[in-house]
>>> print(open('upload15.csv').read())   # CSV, C-alpha atoms and all ligand atoms
chain,number,residue,atom,x,y,z
G,1,MET,CA,5.7,28.7,12.8
G,2,ASP,CA,7.3,31.4,10.8
G,3,ASP,CA,6.2,32.3,7.3
G,4,ARG,CA,9.2,30.9,5.5
G,5,LEU,CA,8.8,27.5,7.1
G,6,ALA,CA,5.0,27.6,6.5
G,7,LYS,CA,5.7,28.2,2.8
G,8,LYS,CA,8.1,25.3,2.6
G,9,LEU,CA,5.6,23.1,4.3
G,10,THR,CA,2.9,24.0,1.8
G,11,ILE,CA,5.2,23.0,-1.1
G,12,LEU,CA,6.8,20.0,0.5
G,13,ALA,CA,3.6,18.5,1.9
G,14,ASP,CA,1.9,19.0,-1.4
G,15,ALA,CA,4.8,17.3,-3.2
G,16,ALA,CA,4.6,14.3,-1.0
G,17,LYS,CA,0.9,13.6,-1.8
G,18,TYR,CA,1.7,11.5,-4.8
G,19,ASP,CA,3.3,8.8,-2.7
G,20,ALA,CA,0.7,6.4,-1.5
G,21,SER,CA,2.9,4.1,0.5
G,22,CYS,CA,2.5,5.8,3.8
G,23,ALA,CA,0.0,3.7,5.7
G,24,SER,CA,1.5,3.1,9.0
G,25,SER,CA,-0.2,0.0,10.4
G,26,GLY,CA,2.1,-2.8,11.6
G,27,ALA,CA,4.2,-0.8,14.1
G,28,PRO,CA,4.5,-2.4,17.5
G,29,LYS,CA,2.8,-0.7,20.5
G,30,ARG,CA,5.1,1.8,22.2
G,31,ARG,CA,4.7,4.4,24.9
G,32,ALA,CA,7.1,7.1,25.8
G,33,ALA,CA,8.8,6.9,29.2
G,34,ALA,CA,9.7,9.9,31.3
G,35,GLY,CA,11.7,12.4,29.3
G,36,GLU,CA,10.7,10.8,26.0
G,37,LEU,CA,8.1,11.8,23.5
G,38,GLY,CA,5.4,10.1,21.5
G,39,SER,CA,3.7,6.7,21.2
G,40,THR,CA,2.4,4.4,18.5
G,41,THR,CA,-0.8,2.5,18.4
G,42,GLY,CA,-0.7,-1.0,16.9
G,43,ALA,CA,-2.8,-0.5,13.8
G,44,GLY,CA,-4.4,1.8,11.4
G,45,ILE,CA,-2.9,5.2,12.1
G,46,CYS,CA,-2.0,7.6,9.3
G,47,HIS,CA,-2.4,9.2,6.6
G,48,ALA,CA,-1.1,12.7,5.7
G,49,TYR,CA,-0.8,16.3,6.6
G,50,THR,CA,-2.7,18.6,4.3
G,51,PRO,CA,-1.5,22.2,3.9
G,52,ASP,CA,-5.0,23.5,4.4
G,53,GLY,CA,-4.6,22.7,8.1
G,54,ARG,CA,-6.7,19.6,8.4
G,55,CYS,CA,-5.5,17.5,11.3
G,56,VAL,CA,-4.2,14.1,10.3
G,57,SER,CA,-2.0,11.8,12.2
G,58,LEU,CA,1.1,11.5,10.0
G,59,LEU,CA,3.2,14.4,8.9
G,60,LYS,CA,3.9,13.4,5.3
G,61,ILE,CA,6.6,15.6,3.7
G,62,LEU,CA,9.5,15.6,1.4
G,63,LEU,CA,12.8,16.8,2.7
G,64,THR,CA,13.1,18.5,-0.7
G,65,ASN,CA,11.4,18.4,-4.0
G,66,TYR,CA,14.6,19.3,-5.9
G,67,CYS,CA,15.7,16.2,-7.8
G,68,LEU,CA,18.6,15.2,-10.0
G,69,PHE,CA,16.5,12.6,-11.7
G,70,ASP,CA,14.0,13.1,-14.5
G,71,CYS,CA,11.3,10.4,-14.0
G,72,ALA,CA,8.6,11.3,-16.5
G,73,TYR,CA,5.7,10.5,-14.2
G,74,CYS,CA,7.0,12.6,-11.3
G,75,VAL,CA,6.0,16.2,-10.6
G,76,ASN,CA,9.3,16.8,-9.0
G,77,ARG,CA,11.5,15.6,-11.9
G,78,ARG,CA,14.4,17.7,-12.9
G,79,SER,CA,12.7,19.2,-15.9
G,80,SER,CA,9.4,20.1,-14.1
G,81,ASN,CA,8.4,23.7,-13.5
G,82,VAL,CA,7.2,23.3,-10.0
G,83,ARG,CA,8.1,25.6,-7.2
G,84,ARG,CA,11.1,24.1,-5.3
G,85,ALA,CA,11.9,24.1,-1.6
G,86,ALA,CA,14.0,22.2,0.8
G,87,PHE,CA,13.9,21.7,4.6
G,88,THR,CA,17.0,21.4,6.6
G,89,VAL,CA,17.3,18.4,8.8
G,90,GLU,CA,16.7,20.6,11.8
G,91,GLU,CA,13.5,22.0,10.3
G,92,VAL,CA,12.1,18.5,9.8
G,93,ILE,CA,12.9,17.6,13.4
G,94,THR,CA,11.4,20.9,14.7
G,95,LEU,CA,8.2,20.5,12.7
G,96,THR,CA,7.7,16.9,13.7
G,97,VAL,CA,8.2,17.7,17.4
G,98,GLU,CA,6.0,20.8,17.3
G,99,PHE,CA,3.2,19.0,15.5
G,100,TYR,CA,3.5,16.1,17.9
G,101,LYS,CA,3.3,18.3,20.9
G,102,ARG,CA,0.1,19.9,19.5
G,103,ASN,CA,-1.4,16.5,19.2
G,104,MET,CA,-1.7,16.8,15.4
G,105,ILE,CA,0.3,13.8,14.4
G,106,GLU,CA,1.5,10.5,15.6
G,107,GLY,CA,4.4,10.2,13.3
G,108,LEU,CA,6.4,11.2,10.3
G,109,PHE,CA,6.5,10.0,6.7
G,110,LEU,CA,9.7,11.4,5.2
G,111,SER,CA,10.7,11.1,1.6
G,112,SER,CA,12.9,13.2,-0.7
G,113,GLY,CA,13.9,14.1,-4.2
G,114,ILE,CA,17.5,13.2,-4.9
G,115,VAL,CA,19.8,16.2,-4.2
G,116,ARG,CA,23.6,16.3,-4.7
G,117,SER,CA,23.8,12.5,-4.7
G,118,PRO,CA,21.8,9.5,-3.5
G,119,ASP,CA,24.2,9.1,-0.6
G,120,HIS,CA,23.9,12.7,0.5
G,121,THR,CA,20.1,12.5,0.4
G,122,MET,CA,19.9,9.3,2.3
G,123,GLU,CA,22.2,10.7,4.9
G,124,GLN,CA,19.9,13.7,5.4
G,125,LEU,CA,16.9,11.4,5.8
G,126,ILE,CA,18.7,9.3,8.4
G,127,ARG,CA,19.9,12.4,10.3
G,128,ALA,CA,16.3,13.6,10.6
G,129,ALA,CA,15.1,10.2,12.0
G,130,LYS,CA,18.2,9.8,14.2
G,131,GLY,CA,17.8,13.3,15.6
G,132,LEU,CA,14.2,12.7,16.5
G,133,ARG,CA,15.0,9.4,18.2
G,134,GLN,CA,18.2,10.3,20.0
G,135,ARG,CA,17.9,13.9,20.9
G,136,HIS,CA,14.1,14.1,21.5
G,137,GLY,CA,13.4,10.6,22.6
G,138,PHE,CA,10.8,10.5,19.9
G,139,ARG,CA,8.9,7.2,20.1
G,140,GLY,CA,6.2,8.0,17.5
G,141,TYR,CA,6.1,6.3,14.1
G,142,ILE,CA,8.7,7.0,11.5
G,143,HIS,CA,8.4,5.8,7.9
G,144,LEU,CA,11.5,6.6,5.8
G,145,LYS,CA,11.6,6.4,2.1
G,146,THR,CA,15.0,4.9,1.1
G,147,ILE,CA,17.0,5.9,-1.9
G,148,PRO,CA,17.9,2.6,-3.6
G,149,GLU,CA,20.9,4.1,-5.3
G,150,ALA,CA,22.4,5.1,-2.0
G,151,SER,CA,25.2,2.9,-0.5
G,152,PRO,CA,24.0,-0.3,1.2
G,153,TRP,CA,25.5,0.8,4.5
G,154,LEU,CA,23.3,3.9,4.5
G,155,ILE,CA,20.2,2.0,3.6
G,156,GLU,CA,21.0,-0.3,6.4
G,157,GLN,CA,21.4,2.5,8.9
G,158,ALA,CA,17.9,3.8,8.0
G,159,GLY,CA,16.3,0.7,9.7
G,160,LEU,CA,17.9,1.6,13.0
G,161,TYR,CA,15.7,4.6,13.4
G,162,ALA,CA,12.6,4.0,11.2
G,163,ASP,CA,9.6,1.8,11.9
G,164,ARG,CA,9.0,1.2,8.3
G,165,LEU,CA,11.1,1.5,5.3
G,166,SER,CA,9.9,1.7,1.7
G,167,ILE,CA,11.7,1.5,-1.6
G,168,ASN,CA,9.4,2.4,-4.4
G,169,LEU,CA,9.4,0.1,-7.4
G,170,GLU,CA,7.3,2.7,-9.3
G,171,LEU,CA,7.0,0.7,-12.5
G,172,PRO,CA,6.5,-3.0,-12.8
G,173,THR,CA,8.9,-3.8,-15.7
G,174,GLU,CA,12.5,-3.0,-16.5
G,175,ALA,CA,11.3,-1.8,-20.0
G,176,SER,CA,8.9,0.8,-18.4
G,177,LEU,CA,11.6,2.0,-16.0
G,178,GLU,CA,14.0,2.5,-18.9
G,179,ARG,CA,11.4,4.5,-20.8
G,180,LEU,CA,9.9,6.5,-18.0
G,181,ALA,CA,12.6,6.6,-15.3
G,182,PRO,CA,15.8,6.1,-17.2
G,183,GLU,CA,18.1,7.0,-14.3
G,184,LYS,CA,16.5,4.4,-12.1
G,185,ASP,CA,17.9,1.0,-12.0
G,186,GLY,CA,15.5,-1.9,-11.5
G,187,ALA,CA,18.2,-4.3,-10.4
G,188,ALA,CA,19.4,-1.8,-7.8
G,189,ILE,CA,15.9,-1.4,-6.4
G,190,GLU,CA,15.5,-5.1,-6.0
G,191,ALA,CA,18.9,-5.5,-4.5
G,192,ALA,CA,18.1,-2.8,-1.9
G,193,MET,CA,14.8,-4.6,-1.1
G,194,GLY,CA,16.7,-7.9,-0.7
G,195,GLN,CA,19.2,-6.2,1.6
G,196,MET,CA,16.4,-4.8,3.7
G,197,ARG,CA,14.6,-8.1,3.9
G,198,GLU,CA,17.8,-9.7,5.3
G,199,ARG,CA,18.4,-7.0,7.8
G,200,ILE,CA,14.8,-7.0,9.0
G,201,ALA,CA,14.9,-10.8,9.4
G,202,GLN,CA,18.2,-10.6,11.2
G,203,GLY,CA,16.8,-7.9,13.6
G,204,ARG,CA,13.8,-10.0,14.4
G,205,ALA,CA,15.9,-13.1,15.0
G,206,GLU,CA,18.2,-11.2,17.3
G,207,LYS,CA,15.2,-9.5,19.0
G,208,ARG,CA,16.6,-6.1,18.4
G,209,ARG,CA,14.6,-3.1,17.1
G,210,TYR,CA,15.2,-2.8,13.4
G,211,ALA,CA,12.4,-1.5,11.0
G,212,PRO,CA,9.8,-3.4,13.1
G,213,ALA,CA,7.0,-2.5,10.7
G,214,GLY,CA,8.9,-4.1,7.8
G,215,GLN,CA,9.2,-2.7,4.3
G,216,SER,CA,6.7,-1.7,1.6
G,217,THR,CA,6.7,-0.4,-1.9
G,218,GLN,CA,4.6,1.5,-4.3
G,219,VAL,CA,3.8,0.7,-7.9
G,220,ILE,CA,2.2,3.4,-10.2
G,221,VAL,CA,-0.7,2.0,-12.2
G,222,GLY,CA,-1.7,3.3,-15.6
G,223,ALA,CA,1.5,5.2,-16.5
G,224,ASP,CA,2.6,2.4,-18.7
G,225,SER,CA,0.8,-0.3,-20.6
G,226,SER,CA,1.3,-3.1,-18.0
G,227,THR,CA,-1.8,-5.2,-17.5
G,228,ASP,CA,-3.3,-6.0,-14.1
G,229,ALA,CA,-2.3,-9.6,-14.6
G,230,ALA,CA,1.3,-8.5,-15.1
G,231,LEU,CA,1.1,-6.2,-12.0
G,232,ILE,CA,-0.2,-9.0,-9.9
G,233,ARG,CA,2.4,-11.5,-11.1
G,234,ARG,CA,5.1,-9.0,-10.2
G,235,SER,CA,3.5,-8.3,-6.8
G,236,ALA,CA,3.4,-12.0,-6.0
G,237,ALA,CA,7.1,-12.3,-6.9
G,238,LEU,CA,8.0,-9.3,-4.7
G,239,TYR,CA,6.0,-10.6,-1.7
G,240,ALA,CA,7.7,-14.0,-2.1
G,241,SER,CA,11.2,-12.8,-2.5
G,242,HIS,CA,11.3,-9.7,-0.3
G,243,ASP,CA,8.8,-10.3,2.4
G,244,LEU,CA,7.1,-7.0,1.8
G,245,ARG,CA,4.4,-5.9,4.2
G,246,ARG,CA,2.4,-4.1,1.6
G,247,ILE,CA,2.4,-3.1,-2.0
G,248,TYR,CA,0.6,0.1,-2.7
G,249,TYR,CA,-1.0,0.6,-6.1
G,250,SER,CA,-1.1,4.3,-6.9
G,251,ALA,CA,-3.2,5.3,-9.9
G,252,PHE,CA,-1.1,7.5,-12.1
G,253,SER,CA,-2.3,11.0,-11.9
G,254,PRO,CA,-1.6,13.4,-14.8
G,255,ILE,CA,0.8,16.1,-13.5
G,256,PRO,CA,1.3,19.7,-14.6
G,257,ASP,CA,3.5,19.9,-17.8
G,258,ALA,CA,3.4,16.2,-18.2
G,259,SER,CA,5.8,14.5,-20.5
G,260,ALA,CA,4.3,13.6,-23.9
G,261,ILE,CA,5.2,9.9,-23.4
G,262,LEU,CA,2.7,9.6,-20.6
G,263,PRO,CA,-1.0,8.8,-21.1
G,264,PRO,CA,-3.1,12.1,-21.1
G,265,GLN,CA,-5.6,10.6,-18.6
G,266,ALA,CA,-5.5,8.9,-15.3
G,267,PRO,CA,-6.8,5.3,-15.2
G,268,PRO,CA,-10.2,4.9,-13.5
G,269,LEU,CA,-9.9,5.0,-9.7
G,270,ALA,CA,-11.7,1.7,-9.6
G,271,ARG,CA,-8.7,0.0,-11.2
G,272,GLU,CA,-6.6,0.8,-8.2
G,273,HIS,CA,-9.4,-0.6,-6.0
G,274,ARG,CA,-9.6,-3.9,-7.9
G,275,LEU,CA,-5.9,-4.3,-7.8
G,276,TYR,CA,-6.0,-4.0,-4.0
G,277,GLN,CA,-8.7,-6.6,-3.9
G,278,ALA,CA,-6.6,-8.9,-6.2
G,279,ASP,CA,-3.6,-8.3,-3.9
G,280,TRP,CA,-5.8,-9.5,-1.0
G,281,LEU,CA,-6.6,-12.6,-2.8
G,282,LEU,CA,-2.9,-13.4,-3.0
G,283,ARG,CA,-2.2,-12.6,0.6
G,284,TYR,CA,-5.2,-13.7,2.5
G,285,TYR,CA,-7.2,-16.1,0.3
G,286,ALA,CA,-4.4,-18.4,-1.0
G,287,PHE,CA,-5.0,-17.6,-4.6
G,288,ALA,CA,-2.0,-18.3,-6.9
G,289,PRO,CA,-1.0,-15.4,-9.1
G,290,GLU,CA,-2.0,-17.4,-12.1
G,291,GLU,CA,-5.5,-17.8,-10.7
G,292,VAL,CA,-5.8,-14.1,-10.2
G,293,ALA,CA,-4.6,-13.6,-13.8
G,294,ASP,CA,-7.2,-16.1,-14.9
G,295,ALA,CA,-9.9,-13.8,-13.4
G,296,THR,CA,-9.0,-11.1,-15.8
G,297,GLU,CA,-10.1,-10.5,-19.4
G,298,ALA,CA,-7.1,-9.9,-21.7
G,299,GLY,CA,-5.1,-9.2,-18.6
G,300,MET,CA,-7.4,-6.6,-17.1
G,301,LEU,CA,-9.6,-6.9,-14.0
G,302,ALA,CA,-13.2,-6.1,-14.5
G,303,LEU,CA,-14.2,-2.8,-13.0
G,304,ASP,CA,-17.8,-3.7,-12.2
G,305,ILE,CA,-17.2,-6.9,-10.3
G,306,ASP,CA,-14.6,-7.9,-7.8
G,307,PRO,CA,-11.8,-10.3,-8.8
G,308,LYS,CA,-13.0,-13.1,-6.6
G,309,LEU,CA,-16.4,-13.0,-8.2
G,310,ALA,CA,-14.8,-12.8,-11.6
G,311,TRP,CA,-12.8,-15.9,-10.8
G,312,ALA,CA,-15.9,-17.8,-9.5
G,313,LEU,CA,-18.0,-16.9,-12.5
G,314,LYS,CA,-15.3,-18.5,-14.7
G,315,HIS,CA,-15.1,-21.5,-12.5
G,316,ARG,CA,-18.7,-22.3,-11.8
G,317,GLU,CA,-17.9,-26.0,-11.8
G,318,ARG,CA,-16.3,-25.5,-8.4
G,319,PHE,CA,-19.6,-24.3,-6.9
G,320,PRO,CA,-21.9,-24.3,-5.0
G,321,VAL,CA,-19.9,-25.2,-1.8
G,322,ASP,CA,-21.6,-26.4,1.3
G,323,VAL,CA,-21.2,-24.0,4.3
G,324,ASN,CA,-21.8,-26.8,6.7
G,325,ARG,CA,-19.1,-29.1,5.3
G,326,ALA,CA,-16.7,-27.4,3.0
G,327,ASP,CA,-13.0,-26.9,4.0
G,328,ARG,CA,-12.1,-23.4,5.0
G,329,ASP,CA,-10.0,-23.0,1.8
G,330,LEU,CA,-13.0,-23.7,-0.3
G,331,LEU,CA,-15.2,-21.3,1.6
G,332,LEU,CA,-12.7,-18.6,1.1
G,333,ARG,CA,-13.3,-18.9,-2.6
G,334,VAL,CA,-16.9,-18.0,-2.3
G,335,PRO,CA,-17.6,-14.5,-3.5
G,336,GLY,CA,-18.9,-12.3,-0.7
G,337,LEU,CA,-17.4,-14.3,2.1
G,338,GLY,CA,-14.4,-12.6,3.7
G,339,VAL,CA,-11.8,-14.2,6.0
G,340,ARG,CA,-13.7,-13.1,9.1
G,341,ALA,CA,-17.0,-14.4,7.8
G,342,VAL,CA,-15.5,-17.7,6.9
G,343,ASP,CA,-13.9,-18.1,10.3
G,344,ARG,CA,-17.2,-17.2,12.0
G,345,ILE,CA,-19.0,-19.8,9.8
G,346,VAL,CA,-16.4,-22.5,10.7
G,347,ALA,CA,-16.9,-21.7,14.4
G,348,ALA,CA,-20.7,-21.5,14.2
G,349,ARG,CA,-21.2,-24.8,12.3
G,350,ARG,CA,-19.6,-26.8,15.2
G,351,HIS,CA,-22.8,-26.2,17.1
G,352,THR,CA,-25.5,-26.1,14.5
G,353,ARG,CA,-26.4,-26.7,10.9
G,354,LEU,CA,-26.3,-23.3,9.3
G,355,ARG,CA,-29.3,-22.0,7.3
G,356,LEU,CA,-29.1,-19.1,4.9
G,357,ALA,CA,-30.4,-16.7,7.6
G,358,ASP,CA,-27.5,-17.7,9.8
G,359,VAL,CA,-25.0,-17.0,7.1
G,360,ALA,CA,-26.7,-13.7,6.5
G,361,ARG,CA,-26.0,-12.8,10.1
G,362,LEU,CA,-22.3,-13.7,9.7
G,363,THR,CA,-21.6,-11.7,6.5
G,364,SER,CA,-22.8,-8.6,4.7
G,365,GLY,CA,-21.9,-10.2,1.3
G,366,LEU,CA,-24.8,-12.7,1.2
G,367,LYS,CA,-26.2,-11.3,-2.1
G,368,ARG,CA,-22.9,-12.3,-3.9
G,369,ALA,CA,-22.4,-15.5,-1.9
G,370,ARG,CA,-25.9,-16.9,-2.3
G,371,PRO,CA,-25.6,-18.4,-5.8
G,372,PHE,CA,-22.3,-20.1,-4.8
G,373,LEU,CA,-23.2,-21.8,-1.6
G,374,ILE,CA,-25.4,-24.5,-0.1
G,375,ALA,CA,-26.9,-24.1,3.3
G,376,ALA,CA,-29.3,-26.4,5.3
G,377,ASP,CA,-32.3,-24.8,3.6
G,378,HIS,CA,-30.7,-23.6,0.4
G,379,ALA,CA,-29.4,-25.5,-2.7
G,380,PRO,CA,-29.0,-23.2,-5.7
G,381,THR,CA,-28.3,-25.9,-8.3
G,382,ARG,CA,-29.4,-23.9,-11.3
G,383,LEU,CA,-28.2,-20.4,-10.3
G,384,THR,CA,-24.6,-21.0,-11.2
G,385,ASP,CA,-25.7,-21.9,-14.7
G,386,ARG,CA,-27.7,-18.8,-15.3
G,387,SER,CA,-26.3,-16.7,-18.1
G,388,ASP,CA,-27.4,-13.5,-16.5
G,389,LEU,CA,-25.7,-14.2,-13.2
G,390,ARG,CA,-22.8,-11.8,-13.8
G,391,ALA,CA,-25.2,-9.0,-14.6
G,392,ARG,CA,-27.3,-9.7,-11.5
G,393,LEU,CA,-24.2,-9.5,-9.3
G,394,ALA,CA,-22.4,-6.6,-10.9
G,395,GLU,CA,-22.1,-3.4,-8.9
G,396,PRO,CA,-24.1,-0.5,-10.3
G,397,PRO,CA,-21.8,2.3,-11.4
G,398,ARG,CA,-21.2,4.8,-8.7
G,399,GLN,CA,-19.2,8.0,-8.1
G,400,LEU,CA,-16.1,7.3,-6.1
G,401,SER,CA,-15.5,9.7,-3.3
G,402,LEU,CA,-12.5,11.9,-3.6
G,403,PHE,CA,-12.1,11.8,0.2
G,404,GLY,CA,-11.7,8.2,0.9
P,501,LIG,S1,13.9,10.1,-8.3
P,501,LIG,FE1,11.9,10.3,-7.2
P,501,LIG,S2,11.6,12.5,-6.8
P,501,LIG,FE2,13.2,12.3,-8.4
P,501,LIG,S3,12.1,12.4,-10.3
P,501,LIG,FE3,12.3,10.2,-9.8
P,501,LIG,S4,10.4,9.7,-8.7
P,501,LIG,FE4,10.6,12.0,-8.7
>>> encode(input="upload15.csv", output="structure tokens")
Amino acid sequence: MDDRLAKKLTILADAAKYDASCASSGAPKRRAAAGELGSTTGAGICHAYTPDGRCVSLLKILLTNYCLFDCAYCVNRRSSNVRRAAFTVEEVITLTVEFYKRNMIEGLFLSSGIVRSPDHTMEQLIRAAKGLRQRHGFRGYIHLKTIPEASPWLIEQAGLYADRLSINLELPTEASLERLAPEKDGAAIEAAMGQMRERIAQGRAEKRRYAPAGQSTQVIVGADSSTDAALIRRSAALYASHDLRRIYYSAFSPIPDASAILPPQAPPLAREHRLYQADWLLRYYAFAPEEVADATEAGMLALDIDPKLAWALKHRERFPVDVNRADRDLLLRVPGLGVRAVDRIVAARRHTRLRLADVARLTSGLKRARPFLIAADHAPTRLTDRSDLRARLAEPPRQLSLFG
């Protein structure tokens, strides 16, 4: 790679790191045929290319970090002092192919600042993906970030070449968007999501390849005063109306030369983690958004206990539940029991009456589950009344790793 391209890569890979919405799970399995290039695995590949040369599986870059918009939370905003760079479409294609051939990546995550116009930018993103697919027979994973202000026709085209599309919501309320990203239009973002949902559903119904890994979005946490309860309500509405695969919660990180209207500090990383857990309660544990909101204190999730435990502690009258008799839905409410553990319990109890030791073999969360369940040899009638139960189950404070 020549020096000029390497410099651009340093700038534009670094500029892309603020976007969390690049997990690439959900793509269908694909293998290249003769004369084609690349493959995808069904789950879990990603995450990002780092300029210091660490090998990762997704080349995550911006086409350019120039931008016409001035979103206060964004390092690439018009008024920011960052070094700017722009790839050409051909450079993006060459980089992706070269990295792929060296076995360094399995795909591309491509986003961009808005240059010239939303339509022009969207066209460039599509040309990169189309060039990879059509000229190089690239069968690897492609995640395109779409520009909601671009014309609906262009947004639609993106799904012909990408595995996943994402349209970042960024801020959960219209008021926050107006204050922090005045050029963005919440209604346009939602309209673009709605349009994508329809196209993806149509593609599936017609059994044709169209954004097979669906669409996702990202919400920045802690840049405005939205509570966790408000974020979860908003997420639930988005899942329901736009069939999103994932919502990524990205803790706001203070950026160089930040605008004075932003908070000076990042929210605790644990907040992002608790929001992901709350999101799981919505998607896999059949919690209603109001129930998750009920697990908060003044709208905020506790940082020292997970949201399911917080909900159970507030609803002790629903416990303990009997592992040998309770419905699956009720077992899913027991803190410490994940979906997998519950399914294993339901399968195992067909053959035997489960004792506590049996449950211990089926879950690693027995410490949290124990006060909330009844087993053949265990009936904790008083434990759920204990006033110190929360303190006994809270996680001790720990340093979160910067590296995952
Ligand atoms: S439009 Fe995107 S790249 Fe441009 S300032 Fe806003 S968030 Fe940043």
>>> residues_near_ligand(input="upload15.csv", ligand="ligand LIG 501 (chain P)", cutoff="6 Å", atoms="only C-alpha atoms and all ligand atoms", output="mmCIF file with C-alpha atoms, in the frame of the given file")
data_model
loop_
_atom_site.group_PDB
_atom_site.id
_atom_site.type_symbol
_atom_site.label_atom_id
_atom_site.label_comp_id
_atom_site.auth_asym_id
_atom_site.auth_seq_id
_atom_site.Cartn_x
_atom_site.Cartn_y
_atom_site.Cartn_z
ATOM 1 C CA CYS G 67 15.700 16.200 -7.800
ATOM 2 C CA PHE G 69 16.500 12.600 -11.700
ATOM 3 C CA ASP G 70 14.000 13.100 -14.500
ATOM 4 C CA CYS G 71 11.300 10.400 -14.000
ATOM 5 C CA CYS G 74 7.000 12.600 -11.300
ATOM 6 C CA ASN G 76 9.300 16.800 -9.000
ATOM 7 C CA ARG G 77 11.500 15.600 -11.900
ATOM 8 C CA GLY G 113 13.900 14.100 -4.200
ATOM 9 C CA ILE G 114 17.500 13.200 -4.900
#
>>> closest_residue(input="upload15.csv", among="G:Ala394, G:Gly159, G:Val323, G:Ala86", to="Arg204 (chain G)", atoms="all atoms listed in the file")
G:Gly159
>>> atom_distance(input="upload15.csv", atom1="CA of Asp327 (chain G)", atom2="CA of His315 (chain G)")
17.5 Å
>>> atom_distance(input="upload15.csv", atom1="CA of Thr10 (chain G)", atom2="CA of Glu91 (chain G)")
13.7 Å
>>> closest_residue(input="upload15.csv", among="G:Ala158, G:Leu331, G:Glu290, G:Ser79", to="Pro212 (chain G)", atoms="only C-alpha atoms")
G:Ala158
>>> closest_residue(input="upload15.csv", among="G:Glu297, G:Glu190, G:Asp224, G:Glu98", to="Met1 (chain G)", atoms="all atoms listed in the file")
G:Glu98
>>> closest_residue(input="upload15.csv", among="G:Ala201, G:Ala347, G:Ala229, G:Ala326", to="Ala295 (chain G)", atoms="only C-alpha atoms")
G:Ala229
>>> atom_distance(input="upload15.csv", atom1="CA of Asp329 (chain G)", atom2="CA of Ala312 (chain G)")
13.8 Å
>>> closest_residue(input="upload15.csv", among="G:Pro289, G:Arg199, G:Arg316, G:Val221", to="Ala240 (chain G)", atoms="all atoms listed in the file")
G:Pro289
>>> residues_around(input="upload15.csv", residues="Val82 (chain G)", least_positions_apart="3", cutoff="10 Å", atoms="all atoms listed in the file", output="PyMOL selection string")
chain G and resi 11+15+65-66+75-79+85+256-257
>>> write_last_selection(input="upload15.csv", atoms="C-alpha atoms", output="PDB file, in the coordinates of the input")
ATOM      1  CA  ILE G  11       5.200  23.000  -1.100  1.00  0.00           C
ATOM      2  CA  ALA G  15       4.800  17.300  -3.200  1.00  0.00           C
ATOM      3  CA  ASN G  65      11.400  18.400  -4.000  1.00  0.00           C
ATOM      4  CA  TYR G  66      14.600  19.300  -5.900  1.00  0.00           C
ATOM      5  CA  VAL G  75       6.000  16.200 -10.600  1.00  0.00           C
ATOM      6  CA  ASN G  76       9.300  16.800  -9.000  1.00  0.00           C
ATOM      7  CA  ARG G  77      11.500  15.600 -11.900  1.00  0.00           C
ATOM      8  CA  ARG G  78      14.400  17.700 -12.900  1.00  0.00           C
ATOM      9  CA  SER G  79      12.700  19.200 -15.900  1.00  0.00           C
ATOM     10  CA  ALA G  85      11.900  24.100  -1.600  1.00  0.00           C
ATOM     11  CA  PRO G 256       1.300  19.700 -14.600  1.00  0.00           C
ATOM     12  CA  ASP G 257       3.500  19.900 -17.800  1.00  0.00           C
TER      13      ASP G 257
END
>>> residues_near_point(input="upload15.csv", point="(6.6, 5.1, 8.2)", cutoff="7 Å", atoms="all atoms listed in the file", output="list in words")
Cys22, Ser24, Leu108, Phe109, Tyr141, Ile142, His143, Leu144, Ala162, Asp163, Arg164 and Leu165 of chain G
>>> closest_residue(input="upload15.csv", among="G:Arg328, G:Lys101, G:His242, G:Lys314", to="Gln195 (chain G)", atoms="all atoms listed in the file")
G:His242
>>> residues_around(input="upload15.csv", residues="Tyr248 (chain G)", least_positions_apart="3", cutoff="12 Å", atoms="all atoms listed in the file", output="compact mmCIF listing (two decimals) with C-alpha atoms, in the coordinates of the input")
# COMPACT_ATOMS: atom_id res chain seq x y z
CA TYR G 18 1.70 11.50 -4.80
CA ASP G 19 3.30 8.80 -2.70
CA ALA G 20 0.70 6.40 -1.50
CA SER G 21 2.90 4.10 0.50
CA CYS G 22 2.50 5.80 3.80
CA ALA G 23 0.00 3.70 5.70
CA SER G 166 9.90 1.70 1.70
CA ILE G 167 11.70 1.50 -1.60
CA ASN G 168 9.40 2.40 -4.40
CA LEU G 169 9.40 0.10 -7.40
CA GLU G 170 7.30 2.70 -9.30
CA LEU G 171 7.00 0.70 -12.50
CA GLN G 215 9.20 -2.70 4.30
CA SER G 216 6.70 -1.70 1.60
CA THR G 217 6.70 -0.40 -1.90
CA GLN G 218 4.60 1.50 -4.30
CA VAL G 219 3.80 0.70 -7.90
CA ILE G 220 2.20 3.40 -10.20
CA VAL G 221 -0.70 2.00 -12.20
CA LEU G 231 1.10 -6.20 -12.00
CA ILE G 232 -0.20 -9.00 -9.90
CA SER G 235 3.50 -8.30 -6.80
CA LEU G 244 7.10 -7.00 1.80
CA ARG G 245 4.40 -5.90 4.20
CA ALA G 251 -3.20 5.30 -9.90
CA GLU G 272 -6.60 0.80 -8.20
CA HIS G 273 -9.40 -0.60 -6.00
CA LEU G 275 -5.90 -4.30 -7.80
CA TYR G 276 -6.00 -4.00 -4.00
CA GLN G 277 -8.70 -6.60 -3.90
CA ASP G 279 -3.60 -8.30 -3.90
CA TRP G 280 -5.80 -9.50 -1.00
